[in-house]
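In what follows, a single structure is set out as structure tokens and then discussed.
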Amino acid sequence: MTATIPSLKQQRSDLAAPERQLQLINRGTERVAALPRFADRLAGAGLLPLRATGIQVLQVNVGKLCNQTCRHCHVDAGPDRDEVMSRETMEHCLRALGGSDIPAVDLTGGAPELNPHFRWFVERASALGREVIVRCNLTVLLANPRLRELPEFYRRHRVHVIASLPYYESAFTDRQRGAGVFEKSIAALKRLNALGYGQEGSGLLLDLVYNPAGAFLPAPQAALEADFKRQLAARHGIAFNRLYAITNLPIARFLDYLERSGNLEDYLERLADAFNPAAAKGVMCRTTLSVAWDGALHDCDFNQMLEIGVEPSAPRTIAEFDAARLSRRSIRVDQHCYGCTAGAGSSCMGEIA
């Protein structure tokens, strides 16, 4: 394990409670309370109510168990979390996929590979002809002999791997994700490259995710991608397809960092000041449906962590899945949504605008 700190839940921190997180980002201080309401900004842009335009991605969080405890994690995942999706709930997800035309399933966590039914789920989703995306922290591929076979499993099922790598220098990566993570991440990337991942013409997609290491917005995605490609190739001989720059949202451990470091007010103001209506039109919640480890439905992974379920009139669990009703649902928003609409916007696939 590469954990460096216990989860907020294990620490019994008040910020382990979603209601406390929402209170802090809405009215934690006078400056925070004075910020424009996100819903009002949407209304001013002619986007309220914000509605789904279909379901292109079923994003499934298969559990909060992880082999790392990253300092920016909005899931508050770690080795001390025991919330893991059951096979029964996965079967409901597969029925939803099989009974609809949703083209992609996006598996996340925690480290999704640590769910005991992970390979079974990937095999069944792949057999349905769906694109299978796995969000991988890389170090999990080296965790034990059974998991070290996963790159070959991914290749066999043409899994689209989206891997976390905060930076191409070890100090930045290890500071955010734990001591020794960078070295292990490079080793895992080399394994994937050796199997064809990230190599031109292979069709095996290997994308990277960049999150800023502090209380600031990411640099332009295209420039970051070019820099990462140049540096990783020169230093380690590593290739990849795309880089996604994702803004850190003020949730869970990143919110804890903002409060403890005295950056909360400035960061929330920065997000609000950078509101971009063009990004708001393309937010991922309009085309994504998020499934929690217990089967509850949410508009996005961020709402899931704040326990903001889909609107009350829509089916509330994956067992009640109804594609037609969920495809036109009204999206529930709050102040954290500024994170997805600031600057060029941010989604699980990077920039929006």
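Each chain of the structure tokens is named A, B, ... in the order shown, its residues numbered from 1; ligands are numbered from 1 in display order.
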Proximity of region 250-302 of chain A to region 154-176 of chain A: per-residue shortest pair, 12 Å limit, only C-alpha atoms, as CSV:
residue,atom,partner,partner_atom,distance
A:Arg253,CA,A:Gln176,CA,11.2
A:Phe254,CA,A:Gln176,CA,10.5
A:Tyr257,CA,A:Gln176,CA,11.2
TODO: Could you find all residues in region 155-208 of chain A that DSSP calls strand (DSSP E or B) from the backbone, and write them as a VMD selection string?
DONE: chain A and resid 160 to 164 206 to 208
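Within 12 Å of Glu259 (chain A), once only C-alpha atoms are used and residues closer than 3 positions along the same chain are dropped, the contacting residues are Leu15, Gln21, Leu24, Ile25, Gly28, Thr29, Val32, Ala215, Pro250, Ile251, Ala252, Arg253, Phe254, Leu255, Asp256, Gly262, Asn263, Leu264, Glu265, Asp266, Tyr267 and Leu268 of chain A.
Here CA of Arg286 (chain A) and CA of Val57 (chain A) stand 10.0 Å from one another.
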- [ ] Apply DSSP to the structure's backbone, then extract all residues of region 258-328 of chain A labelled alpha helix (DSSP H) and return them as a VMD selection string.
- [x] chain A and resid 258 to 261 264 to 273 277 to 281 301 to 305 323 to 327
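Of the residues under consideration (A:Leu232, A:Val209, A:Ala292, A:Val84), A:Val84 shows the shortest atom-to-atom contact distance to His117 (chain A) when counting only C-alpha atoms.
When CA of Arg135 (chain A) is paired with CA of Thr341 (chain A), their separation reads 22.2 Å.
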Task: Nearest residue to Gln221 (chain A) from the set A:Cys337, A:Ala279, A:Ala344, A:Cys300 (distances using only C-alpha atoms) - done: A:Ala344
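Residue neighbourhood of Cys66 (chain A), excluding near-sequence residues (fewer than 5 positions): Ala77, Gly78, Pro79, Arg81, Gly109, Gly110, Ala111, Pro112 and Leu114 of chain A, at 8 Å, using only C-alpha atoms.
Counting from CA of Gly63 (chain A), the distance to CA of Ala296 (chain A) is 12.4 Å.
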Closest-contact table, region 261-298 of chain A side, partner region 33-48 of chain A, 9 Å, counting only C-alpha atoms, as CSV:
residue,atom,partner,partner_atom,distance
A:Leu268,CA,A:Leu35,CA,8.3
A:Glu269,CA,A:Leu35,CA,7.0
A:Ala272,CA,A:Leu35,CA,7.3
A:Phe275,CA,A:Arg41,CA,8.1
A:Pro277,CA,A:Ala45,CA,6.1
A:Ala280,CA,A:Leu42,CA,7.6
A:Lys281,CA,A:Leu47,CA,7.3
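With only C-alpha atoms taken into account, the protein and nucleic acid residues at most 9 Å from Thr53 (chain A) (excluding it and anything under 3 positions from it in its own chain) are Arg286, Thr287, Ser327, Arg328 and Arg329 of chain A.
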Let me see the file: selected residues, N, CA and C atoms, as a PDB file, in the first residue's frame.
ATOM      1  N   ARG A 286     -24.825  16.417 -18.338  1.00  0.00           N
ATOM      2  CA  ARG A 286     -25.901  16.421 -19.327  1.00  0.00           C
ATOM      3  C   ARG A 286     -25.907  15.145 -20.169  1.00  0.00           C
ATOM      4  N   THR A 287     -24.769  14.453 -20.208  1.00  0.00           N
ATOM      5  CA  THR A 287     -24.676  13.238 -21.031  1.00  0.00           C
ATOM      6  C   THR A 287     -24.182  12.028 -20.241  1.00  0.00           C
ATOM      7  N   SER A 327     -32.922  10.257 -19.280  1.00  0.00           N
ATOM      8  CA  SER A 327     -32.265  10.995 -20.365  1.00  0.00           C
ATOM      9  C   SER A 327     -32.741  12.432 -20.486  1.00  0.00           C
ATOM     10  N   ARG A 328     -33.858  12.753 -19.853  1.00  0.00           N
ATOM     11  CA  ARG A 328     -34.372  14.118 -19.949  1.00  0.00           C
ATOM     12  C   ARG A 328     -34.563  14.756 -18.566  1.00  0.00           C
ATOM     13  N   ARG A 329     -33.895  14.177 -17.565  1.00  0.00           N
ATOM     14  CA  ARG A 329     -34.038  14.680 -16.194  1.00  0.00           C
ATOM     15  C   ARG A 329     -33.451  16.085 -16.048  1.00  0.00           C
TER      16      ARG A 329
END
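Checking A:Gln68, A:Arg51, A:Phe153, A:Arg27 one by one against Ser7 (chain A), counting only C-alpha atoms, you find the shortest gap at A:Gln68.
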